[in-house]
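Asks: Compact mmCIF, C-alpha atoms, saved as upload.txt, coming up:
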```
# COMPACT_ATOMS: atom_id res chain seq x y z
CA MET A 1294 43.10 -61.26 6.96
CA PRO A 1295 40.10 -58.89 7.21
CA LEU A 1296 40.50 -55.66 5.27
CA PHE A 1297 38.16 -52.66 5.40
CA LEU A 1298 37.62 -49.75 3.01
CA VAL A 1299 36.85 -46.29 4.40
CA VAL A 1300 35.32 -43.77 1.96
CA ASP A 1301 34.96 -40.13 3.03
CA ASP A 1302 35.95 -36.83 1.42
CA GLU A 1303 37.16 -35.42 4.74
CA GLN A 1304 40.61 -36.67 5.61
CA HIS A 1305 40.23 -36.41 9.37
CA ILE A 1306 37.05 -38.50 9.30
CA ARG A 1307 38.79 -41.17 7.20
CA ASN A 1308 41.66 -41.20 9.68
CA LEU A 1309 39.35 -41.37 12.69
CA ILE A 1310 37.40 -44.37 11.33
CA ARG A 1311 40.64 -46.00 10.25
CA GLN A 1312 42.11 -45.52 13.72
CA TYR A 1313 39.20 -47.33 15.41
CA ILE A 1314 39.43 -50.21 12.91
CA THR A 1315 43.17 -50.44 13.64
CA GLU A 1316 42.47 -50.46 17.39
CA MET A 1317 40.45 -53.64 16.79
CA GLY A 1318 43.46 -55.19 15.09
CA PHE A 1319 42.29 -54.94 11.48
CA ASP A 1320 43.72 -53.29 8.38
CA SER A 1321 42.02 -50.71 6.20
CA ASP A 1322 42.43 -48.70 3.00
CA VAL A 1323 40.98 -45.25 2.39
CA ALA A 1324 39.35 -43.49 -0.55
CA ALA A 1325 38.27 -39.84 -0.88
CA ASN A 1326 35.20 -40.44 -3.07
CA GLY A 1327 33.01 -43.05 -4.75
CA GLU A 1328 35.02 -43.26 -8.00
CA GLU A 1329 38.25 -43.92 -6.16
CA ALA A 1330 36.53 -46.50 -3.96
CA LEU A 1331 34.94 -48.26 -6.96
CA LYS A 1332 38.37 -48.71 -8.56
CA MET A 1333 39.75 -50.11 -5.33
CA VAL A 1334 37.05 -52.76 -4.84
CA PHE A 1335 37.96 -54.25 -8.22
CA GLU A 1336 41.60 -54.50 -7.21
CA LYS A 1337 41.30 -55.95 -3.71
CA LYS A 1338 38.93 -58.10 -1.72
CA TYR A 1339 37.35 -56.08 1.11
CA THR A 1340 35.65 -57.55 4.17
CA GLY A 1341 33.52 -54.45 4.70
CA ILE A 1342 33.02 -50.83 3.67
CA PHE A 1343 32.38 -47.63 5.64
CA THR A 1344 31.13 -44.85 3.37
CA ASP A 1345 30.00 -41.25 3.66
CA ILE A 1346 26.99 -40.14 1.58
CA ARG A 1347 27.74 -36.59 0.44
CA MET A 1348 31.00 -36.54 -1.46
CA PRO A 1349 32.14 -34.67 -4.56
CA GLY A 1350 31.95 -36.85 -7.67
CA LEU A 1351 30.31 -40.21 -7.10
CA ASP A 1352 28.33 -39.98 -3.84
CA GLY A 1353 27.93 -42.78 -1.31
CA ILE A 1354 24.49 -43.99 -2.43
CA SER A 1355 25.55 -44.13 -6.12
CA PHE A 1356 28.74 -45.94 -5.13
CA LEU A 1357 26.79 -48.57 -3.16
CA LYS A 1358 24.32 -48.95 -6.06
CA ALA A 1359 27.22 -49.43 -8.49
CA LEU A 1360 28.60 -52.14 -6.22
CA ARG A 1361 25.28 -54.00 -6.24
CA GLU A 1362 25.03 -53.65 -10.04
CA GLU A 1363 28.40 -55.37 -10.28
CA ALA A 1364 27.00 -58.07 -7.96
CA MET A 1365 29.62 -57.27 -5.35
CA ASN A 1366 27.98 -58.07 -2.06
CA ILE A 1367 30.35 -56.40 0.40
CA PRO A 1368 28.79 -55.62 3.81
CA SER A 1369 28.54 -51.83 4.03
CA VAL A 1370 27.91 -49.23 6.70
CA VAL A 1371 26.97 -45.61 6.01
CA VAL A 1372 28.55 -42.86 8.14
CA SER A 1373 26.84 -39.55 7.44
CA ALA A 1374 26.04 -36.19 8.98
CA TYR A 1375 22.72 -36.14 7.08
CA ALA A 1376 20.13 -38.57 8.24
CA ASN A 1377 16.67 -37.72 6.96
CA VAL A 1378 14.15 -40.52 6.66
CA GLU A 1379 14.36 -40.63 2.84
CA LEU A 1380 18.13 -40.98 2.85
CA VAL A 1381 18.17 -43.67 5.51
CA THR A 1382 15.41 -45.62 3.72
CA ASP A 1383 17.30 -45.38 0.41
CA ALA A 1384 20.46 -46.66 2.06
CA PHE A 1385 18.75 -49.60 3.74
CA LYS A 1386 16.99 -50.49 0.46
CA ILE A 1387 20.41 -50.96 -1.10
CA GLY A 1388 21.10 -53.39 1.71
CA ILE A 1389 23.43 -51.60 4.10
CA LEU A 1390 24.07 -53.18 7.49
CA ASP A 1391 24.04 -50.03 9.62
CA PHE A 1392 23.64 -46.25 9.42
CA ILE A 1393 25.86 -44.20 11.73
CA THR A 1394 25.30 -40.46 12.11
CA LYS A 1395 28.11 -37.96 12.64
CA PRO A 1396 29.41 -37.16 15.16
CA PHE A 1397 30.19 -40.76 16.04
CA SER A 1398 31.78 -42.37 19.07
CA PRO A 1399 34.60 -44.93 18.81
CA ASN A 1400 32.17 -47.58 20.05
CA GLU A 1401 29.68 -46.97 17.23
CA ILE A 1402 32.40 -47.66 14.64
CA LYS A 1403 33.73 -50.65 16.57
CA SER A 1404 30.24 -52.18 16.92
CA ALA A 1405 29.78 -51.80 13.17
CA VAL A 1406 33.11 -53.56 12.55
CA SER A 1407 31.90 -56.42 14.76
CA LEU A 1408 28.60 -56.50 12.89
CA ILE A 1409 30.44 -56.81 9.56
CA MET A 1410 32.77 -59.46 10.95
CA LYS A 1411 29.87 -61.50 12.29
CA GLN A 1412 28.28 -61.43 8.81
CA THR A 1413 31.36 -62.54 6.96
CA PHE A 1414 33.60 -64.35 9.37
CA ASP A 1415 33.52 -68.11 9.51
CA ILE A 1416 34.32 -68.66 13.18
CA LYS A 1417 34.73 -72.46 12.81
CA GLU A 1418 37.22 -72.05 9.99
CA ALA A 1419 39.14 -69.45 11.98
CA SER A 1420 39.13 -71.71 15.04
CA GLN A 1421 40.69 -74.60 13.09
CA TYR A 1422 43.27 -72.26 11.61
CA ILE A 1423 44.26 -70.99 15.07
CA ARG A 1424 44.38 -74.51 16.53
CA GLY A 1425 46.76 -75.40 13.70
CA MET A 1426 49.02 -72.51 14.69
CA ILE A 1427 48.99 -73.59 18.33
CA GLU A 1428 49.83 -77.18 17.43
CA GLN A 1429 52.76 -75.88 15.38
CA LYS A 1430 53.81 -73.80 18.39
CA ALA A 1431 53.39 -70.48 16.53
CA PHE A 1432 52.17 -68.94 19.80
CA SER A 1433 52.68 -65.23 19.16
CA GLN A 1434 50.82 -65.49 15.84
CA ALA A 1435 48.02 -67.48 17.50
CA ARG A 1436 47.77 -64.94 20.33
CA GLU A 1437 47.37 -62.11 17.81
CA TYR A 1438 44.47 -63.91 16.08
CA ILE A 1439 42.79 -64.85 19.36
CA CYS A 1440 42.89 -61.21 20.50
CA LYS A 1441 41.02 -60.27 17.32
CA LEU A 1442 38.42 -62.94 18.08
CA PHE A 1443 38.04 -61.47 21.58
CA SER A 1444 37.28 -58.02 20.15
CA VAL A 1445 34.71 -59.28 17.61
CA PHE A 1446 33.10 -62.09 19.62
CA PRO A 1447 33.36 -61.01 23.28
CA ASP A 1448 30.32 -63.12 24.25
CA SER A 1449 31.47 -66.31 22.57
CA PRO A 1450 33.12 -69.11 24.61
CA LEU A 1451 35.48 -69.84 21.68
CA PRO A 1452 38.15 -67.11 22.15
CA HIS A 1453 38.63 -68.13 25.82
CA PHE A 1454 38.73 -71.79 24.77
CA LEU A 1455 41.44 -71.12 22.17
CA TYR A 1456 43.41 -68.94 24.59
CA ALA A 1457 43.26 -71.71 27.20
CA PHE A 1458 44.27 -74.30 24.59
CA MET A 1459 47.27 -72.14 23.69
CA LYS A 1460 48.26 -71.75 27.35
CA GLU A 1461 47.90 -75.51 27.86
CA ASN A 1462 50.24 -76.15 24.94
CA MET A 1463 52.68 -73.64 26.41
CA GLY A 1464 52.69 -75.67 29.63
CA LYS A 1465 50.87 -73.00 31.63
CA LYS A 1466 48.19 -75.16 33.13
CA GLU A 1467 46.98 -72.63 35.70
CA ASP A 1468 46.23 -70.03 33.02
CA ALA A 1469 44.65 -72.69 30.83
CA PHE A 1470 42.41 -73.74 33.73
CA LYS A 1471 41.29 -70.14 34.25
CA HIS A 1472 40.37 -69.58 30.60
CA TYR A 1473 38.63 -72.95 30.11
CA SER A 1474 36.55 -71.97 33.14
CA ALA A 1475 35.84 -68.53 31.63
CA SER A 1476 34.74 -70.25 28.42
CA LEU A 1477 32.31 -72.41 30.40
CA ALA A 1478 31.08 -69.38 32.35
CA LEU A 1479 30.02 -67.81 29.04
CA ASP A 1480 28.35 -71.00 27.83
CA SER A 1481 27.88 -73.80 30.33
CA GLY A 1482 26.99 -76.19 27.50
CA TYR A 1483 30.28 -75.69 25.67
CA ASP A 1484 31.56 -79.28 25.72
CA PRO A 1485 35.07 -78.80 24.26
CA ALA A 1486 35.99 -76.60 27.23
CA ARG A 1487 34.47 -79.07 29.73
CA GLN A 1488 36.40 -81.97 28.18
CA ARG A 1489 39.73 -80.10 28.26
CA LEU A 1490 39.04 -79.00 31.82
CA ASN A 1491 38.41 -82.63 32.86
CA ASN A 1492 41.61 -83.75 31.11
CA LEU A 1493 43.53 -80.96 32.80
CA GLY A 1494 42.08 -81.98 36.19
CA ASN A 1495 43.16 -85.60 35.64
CA THR A 1496 46.71 -84.73 34.59
CA THR A 1497 47.13 -82.31 37.48
CA GLU A 1498 46.03 -85.02 39.95
CA GLU A 1499 48.60 -87.42 38.49
CA MET B 617 53.06 -47.34 28.41
CA LYS B 618 49.64 -48.95 28.40
CA LYS B 619 47.66 -48.21 25.26
CA ARG B 620 44.68 -46.02 26.14
CA LYS B 621 41.15 -46.62 25.01
CA SER B 622 39.71 -44.00 22.63
CA LEU B 623 36.94 -42.00 24.26
CA TYR B 624 33.99 -40.00 23.00
CA ILE B 625 34.38 -36.52 24.49
CA LEU B 626 31.95 -33.61 24.28
CA ILE B 627 33.38 -30.14 24.88
CA VAL B 628 30.81 -27.42 25.50
CA GLY B 629 32.25 -23.98 24.78
CA CYS B 630 34.93 -23.37 22.18
CA GLY B 631 36.86 -20.54 23.82
CA ARG B 632 40.58 -20.59 24.54
CA LEU B 633 40.38 -23.52 26.98
CA GLY B 634 37.77 -25.45 24.96
CA SER B 635 39.56 -25.16 21.63
CA ARG B 636 43.00 -26.03 23.02
CA SER B 637 41.64 -28.99 24.96
CA ALA B 638 39.88 -30.15 21.78
CA GLY B 639 43.19 -30.05 19.87
CA ILE B 640 45.12 -31.97 22.53
CA LEU B 641 42.43 -34.60 23.06
CA SER B 642 41.83 -35.28 19.38
CA ASN B 643 45.58 -35.47 18.87
CA GLN B 644 45.53 -38.26 21.46
CA GLY B 645 43.11 -40.18 19.23
CA HIS B 646 39.82 -39.48 20.99
CA SER B 647 36.61 -38.69 19.12
CA VAL B 648 35.94 -35.08 20.12
CA VAL B 649 32.82 -33.01 19.55
CA VAL B 650 32.89 -29.27 20.15
CA LEU B 651 29.66 -27.39 20.75
CA ASP B 652 29.34 -23.60 20.67
CA THR B 653 26.73 -20.96 19.88
CA ASP B 654 29.11 -18.81 17.85
CA GLU B 655 30.54 -20.13 14.57
CA LYS B 656 33.46 -17.68 14.82
CA HIS B 657 34.74 -19.49 17.93
CA PHE B 658 35.49 -22.58 15.82
CA GLU B 659 38.19 -20.56 14.06
CA SER B 660 40.31 -20.86 17.20
CA LEU B 661 40.44 -24.66 16.91
CA PRO B 662 44.06 -25.71 16.28
CA PRO B 663 45.05 -27.65 13.12
CA GLU B 664 45.48 -30.88 15.10
CA PHE B 665 41.74 -30.87 15.92
CA THR B 666 40.20 -33.77 13.98
CA GLY B 667 36.78 -33.93 15.56
CA PHE B 668 33.30 -32.58 14.92
CA ARG B 669 31.80 -29.11 15.32
CA ILE B 670 28.19 -28.51 16.30
CA LEU B 671 26.71 -25.03 16.18
CA GLY B 672 23.94 -24.55 18.72
CA ASP B 673 22.79 -23.59 22.18
CA CYS B 674 23.99 -26.00 24.84
CA THR B 675 21.02 -25.13 27.07
CA GLU B 676 18.72 -26.82 24.55
CA ILE B 677 18.33 -30.52 25.20
CA GLU B 678 17.85 -31.28 21.47
CA ILE B 679 21.28 -29.82 20.68
CA LEU B 680 22.86 -31.97 23.40
CA LYS B 681 21.10 -34.99 21.90
CA GLU B 682 22.39 -34.06 18.44
CA ALA B 683 25.88 -34.11 19.94
CA LYS B 684 25.07 -37.64 21.23
CA ILE B 685 25.72 -36.66 24.83
CA SER B 686 24.27 -39.94 26.09
CA ARG B 687 27.14 -41.77 24.38
CA ALA B 688 29.82 -39.47 25.79
CA ASP B 689 32.50 -40.97 28.03
CA MET B 690 33.33 -37.45 29.18
CA VAL B 691 31.75 -34.00 29.07
CA LEU B 692 33.79 -30.83 29.56
CA ALA B 693 31.65 -27.80 30.40
CA PHE B 694 34.00 -24.99 29.41
CA THR B 695 31.77 -22.00 28.60
CA ASP B 696 32.62 -18.63 30.17
CA ASP B 697 29.63 -18.72 32.48
CA ASP B 698 29.39 -20.67 35.76
CA ASN B 699 25.59 -20.97 35.57
CA THR B 700 25.69 -22.47 32.06
CA ASN B 701 28.50 -24.84 33.06
CA TYR B 702 26.52 -25.90 36.11
CA MET B 703 23.40 -26.57 34.07
CA VAL B 704 25.22 -28.52 31.36
CA SER B 705 27.19 -30.55 33.91
CA GLN B 706 24.12 -31.41 35.93
CA VAL B 707 22.12 -32.42 32.85
CA ALA B 708 25.06 -34.53 31.61
CA LYS B 709 25.41 -36.26 34.97
CA GLU B 710 21.79 -36.66 36.04
CA VAL B 711 19.80 -36.93 32.80
CA PHE B 712 22.31 -38.54 30.44
CA LYS B 713 24.31 -40.45 33.07
CA VAL B 714 27.69 -39.35 31.74
CA LYS B 715 30.36 -40.89 33.96
CA ASN B 716 32.98 -38.16 33.81
CA VAL B 717 32.02 -34.51 33.86
CA ILE B 718 34.50 -31.67 34.32
CA ALA B 719 33.39 -28.05 34.60
CA ARG B 720 35.23 -24.78 34.61
CA VAL B 721 34.18 -22.70 37.61
CA TYR B 722 35.21 -19.05 37.76
CA ASP B 723 33.89 -18.18 41.19
CA PRO B 724 35.33 -20.42 43.96
CA ALA B 725 32.16 -19.68 45.97
CA ASN B 726 30.27 -21.89 43.46
CA LEU B 727 32.55 -24.92 43.87
CA LYS B 728 30.49 -26.53 46.63
CA LEU B 729 27.46 -26.61 44.36
CA PHE B 730 29.38 -28.51 41.65
CA HIS B 731 30.99 -30.93 44.09
CA GLN B 732 27.58 -31.82 45.55
CA PHE B 733 26.76 -33.39 42.20
CA ASN B 734 30.10 -35.15 41.96
CA ILE B 735 31.21 -32.88 39.13
CA LYS B 736 34.97 -32.43 38.85
CA THR B 737 36.06 -28.81 38.58
CA ILE B 738 38.80 -26.57 37.27
CA THR B 739 39.01 -23.10 38.81
CA PRO B 740 41.41 -20.72 37.01
CA MET B 741 41.82 -18.52 40.10
CA LEU B 742 42.79 -21.46 42.34
CA LEU B 743 45.18 -22.82 39.69
CA ALA B 744 46.83 -19.40 39.43
CA LEU B 745 47.09 -19.25 43.23
CA GLU B 746 48.64 -22.72 43.36
CA SER B 747 51.15 -21.71 40.70
CA LEU B 748 51.90 -18.47 42.52
CA ILE B 749 52.58 -20.29 45.79
CA GLY B 750 54.84 -22.76 43.98
CA THR B 751 56.83 -19.95 42.39
CA PHE B 752 56.92 -18.07 45.69
CA GLU B 753 58.27 -21.13 47.54
CA ALA B 754 60.97 -21.62 44.89
CA ILE B 755 62.05 -17.98 45.21
CA MET B 756 62.12 -18.22 49.01
CA GLU B 757 64.33 -21.32 48.83
CA GLU B 758 66.74 -19.50 46.50
CA GLU B 759 66.83 -16.53 48.90
CA GLU B 760 67.69 -18.79 51.83
```
Could the structure of this file be written out as structure tokens, please?

Replies:
Amino acid sequence: MPLFLVVDDEQHIRNLIRQYITEMGFDSDVAANGEEALKMVFEKKYTGIFTDIRMPGLDGISFLKALREEAMNIPSVVVSAYANVELVTDAFKIGILDFITKPFSPNEIKSAVSLIMKQTFDIKEASQYIRGMIEQKAFSQAREYICKLFSVFPDSPLPHFLYAFMKENMGKKEDAFKHYSASLALDSGYDPARQRLNNLGNTTEE
Amino acid sequence: MKKRKSLYILIVGCGRLGSRSAGILSNQGHSVVVLDTDEKHFESLPPEFTGFRILGDCTEIEILKEAKISRADMVLAFTDDDNTNYMVSQVAKEVFKVKNVIARVYDPANLKLFHQFNIKTITPMLLALESLIGTFEAIMEEEE
């Protein structure tokens, strides 16, 4: 399950970022400064980090440097009110994925979450995992995972394919037909959807 | 109730209406930015306000850019001057293509101008009148 870490000395900013991560269906922890965050990354495995730069104690850049020194390659995004060229260059040299300036919109945070997920998420592995759930008829669990895939990979034919596959297994052929078609509309060369659609057509005719 | 999408809302003018709206909207989970020329006005923001404050002149395009107006889902032009609200609303709508713009208009004679640009309006005088008529009708019913 993806887990994010949000580091900012201002509580309301932490809560705001956390809220947008939650809206995408993911969990997060929060830390008020670099030291706190550094302790936390040793205790848990994080999918991605959102960090402020200017914080009392260990600042964001030093925290990210410390992470790299420990060879912890966690995709990170900086969220800062200060964005001079030097600071942004420094941050990108450490290997951050994105630099978001404050004030930020919900979409900026959500796009960064997607960017992190795309870097770390093995979509094939997730797909097999979800198919397993569907085959075991754990539909509500499968639906929850597919919704997360929709939010991170809206352009991919896979979430529609999995949703259709779930509906087919639930006996809702009309819904399945619709979503296999949506999957093909996103990628006309997506063979798994075409095959299922053909099968569905044959069984409906019978 | 259907879960609402979080919006990015820019409020220009942090007076009584601006600051209270900022509190309510950020309490609803939206990302709210308040812009005002006077730092003292930010003191009226309620504790539930969790957004961002920008100190600057809303008639300067660079300040509006700093507030990321082009990303805003909604702009509320709530300064105490119709001309400023008109300018901000028009720039938001025409230059930055903001979908939803709401302006406070003091003088009802100016309403037509705002509506020509598809800007939604709030006019305190008309709202007071509406409320007065409502109260008046209720009293008349009681009298009958």

Asks: Quick one: residues within 7 Å of Ile1389 of chain A, only C-alpha atoms counted, chain neighbours fewer than 4 positions away excluded, as a PyMOL selection string?

Replies: chain A and resi 1368-1370+1384-1385

Asks: Just want the 12 Å neighbourhood of Gln1312 of chain A, counted on only C-alpha atoms, with same-chain residues fewer than 2 positions away dropped. Output as an MDAnalysis selection string.

Replies: (chainID A and resid 1297 1299 1305:1310 1314:1323 1399:1400 1402:1403) or (chainID B and resid 621:622 642:647 666)

Asks: Quick one: of B:Leu692, B:Leu651, B:Val628, B:Val711, who's nearest to Ile735 of chain B, counting all atoms listed in the file?

Replies: B:Leu692

Asks: Fewer than 6 positions away in the same chain doesn't count, so skip those; otherwise give me all residues within 8 Å of segment 1361-1367 of chain A, counting all atoms listed in the file, as a list in words.

Replies: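 Skipping anything fewer than 6 positions along the chain leaves Tyr1339, Thr1340, Gly1341, Ile1342 and Ile1387 of chain A.
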
Asks: Counting only C-alpha atoms, which of A:Glu1467, A:Asp1352, A:Glu1461, A:Glu1401 gets nearest to chain B?

Replies: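 Distance minimum relative to chain B lands on A:Glu1401.
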
Asks: Taking all listed atoms of segment 1338-1350 of chain A, build the axis-aligned box, pad each of the six sides by 8 Å, then write its centre and edge lengths in Å to one decimal as AutoDock Vina command-line options.

Replies:
```
--center_x 33.0 --center_y -46.4 --center_z -1.0 --size_x 27.9 --size_y 39.4 --size_z 29.3
```

Asks: Using all atoms listed in the file for the distances, tell me which of B:Ile677, B:Cys630, B:Ala638, B:Ile718 is nearest to Glu659 of chain B.

Replies: B:Cys630

Asks: Would you mind listing, as a VMD selection string, all residues of chain B that have at least one atom within 10 Å of chain A, where all atoms listed in the file are what counts?

Replies: chain B and resid 619 621 to 625 642 645 to 650 664 to 670 682 to 684 687 to 689

Asks: Need to verify the contact set: Thr675 of chain B, 12 Å, all atoms listed in the file, exclusion of same-chain residues closer than 2 positions in sequence. Can you return it as a list of chain:residue names?

Replies: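 Everything that qualifies: B:Val628, B:Gly629, B:Leu651, B:Asp652, B:Thr653, B:Gly672, B:Asp673, B:Ile677, B:Glu678, B:Ile679, B:Leu680, B:Lys681, B:Ala693, B:Thr695, B:Asn699, B:Thr700, B:Asn701, B:Tyr702, B:Met703, B:Val704, B:Ser705, B:Gln706, B:Val707, B:Ala708.
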
Asks: Atoms are missing here; could segment 1324-1343 of chain A be completed with N, CA and C atoms and written as a short mmCIF file (atom, residue, chain, number, x, y, z; two decimals), keeping the file's coordinate frame?

Replies:
```cif
data_model
loop_
_atom_site.label_atom_id
_atom_site.label_comp_id
_atom_site.auth_asym_id
_atom_site.auth_seq_id
_atom_site.Cartn_x
_atom_site.Cartn_y
_atom_site.Cartn_z
N ALA A 1324 39.62 -44.13 0.73
CA ALA A 1324 39.35 -43.49 -0.55
C ALA A 1324 38.61 -42.18 -0.28
N ALA A 1325 38.84 -41.16 -1.13
CA ALA A 1325 38.27 -39.84 -0.88
C ALA A 1325 36.90 -39.64 -1.54
N ASN A 1326 36.53 -40.54 -2.45
CA ASN A 1326 35.20 -40.44 -3.07
C ASN A 1326 34.78 -41.78 -3.69
N GLY A 1327 33.56 -41.81 -4.21
CA GLY A 1327 33.01 -43.05 -4.75
C GLY A 1327 33.80 -43.63 -5.90
N GLU A 1328 34.26 -42.76 -6.83
CA GLU A 1328 35.02 -43.26 -8.00
C GLU A 1328 36.28 -44.00 -7.57
N GLU A 1329 37.00 -43.34 -6.66
CA GLU A 1329 38.25 -43.92 -6.16
C GLU A 1329 37.96 -45.28 -5.50
N ALA A 1330 36.88 -45.28 -4.70
CA ALA A 1330 36.53 -46.50 -3.96
C ALA A 1330 36.14 -47.62 -4.93
N LEU A 1331 35.40 -47.26 -5.99
CA LEU A 1331 34.94 -48.26 -6.96
C LEU A 1331 36.13 -48.94 -7.64
N LYS A 1332 37.15 -48.13 -7.95
CA LYS A 1332 38.37 -48.71 -8.56
C LYS A 1332 39.01 -49.69 -7.60
N MET A 1333 39.05 -49.30 -6.33
CA MET A 1333 39.75 -50.11 -5.33
C MET A 1333 39.07 -51.46 -5.09
N VAL A 1334 37.73 -51.48 -5.11
CA VAL A 1334 37.05 -52.76 -4.84
C VAL A 1334 37.27 -53.80 -5.94
N PHE A 1335 37.66 -53.31 -7.13
CA PHE A 1335 37.96 -54.25 -8.22
C PHE A 1335 39.37 -54.82 -8.07
N GLU A 1336 40.19 -54.09 -7.35
CA GLU A 1336 41.60 -54.50 -7.21
C GLU A 1336 41.85 -55.40 -6.00
N LYS A 1337 41.08 -55.18 -4.94
CA LYS A 1337 41.30 -55.95 -3.71
C LYS A 1337 40.00 -56.50 -3.17
N LYS A 1338 40.13 -57.52 -2.33
CA LYS A 1338 38.93 -58.10 -1.72
C LYS A 1338 38.73 -57.46 -0.33
N TYR A 1339 37.61 -56.75 -0.17
CA TYR A 1339 37.35 -56.08 1.11
C TYR A 1339 36.31 -56.84 1.94
N THR A 1340 36.56 -56.88 3.25
CA THR A 1340 35.65 -57.55 4.17
C THR A 1340 34.41 -56.68 4.39
N GLY A 1341 34.64 -55.36 4.45
CA GLY A 1341 33.52 -54.45 4.70
C GLY A 1341 33.87 -53.03 4.28
N ILE A 1342 32.81 -52.21 4.12
CA ILE A 1342 33.02 -50.83 3.67
C ILE A 1342 32.31 -49.86 4.62
N PHE A 1343 33.00 -48.75 4.94
CA PHE A 1343 32.38 -47.63 5.64
C PHE A 1343 32.35 -46.48 4.65
#
```
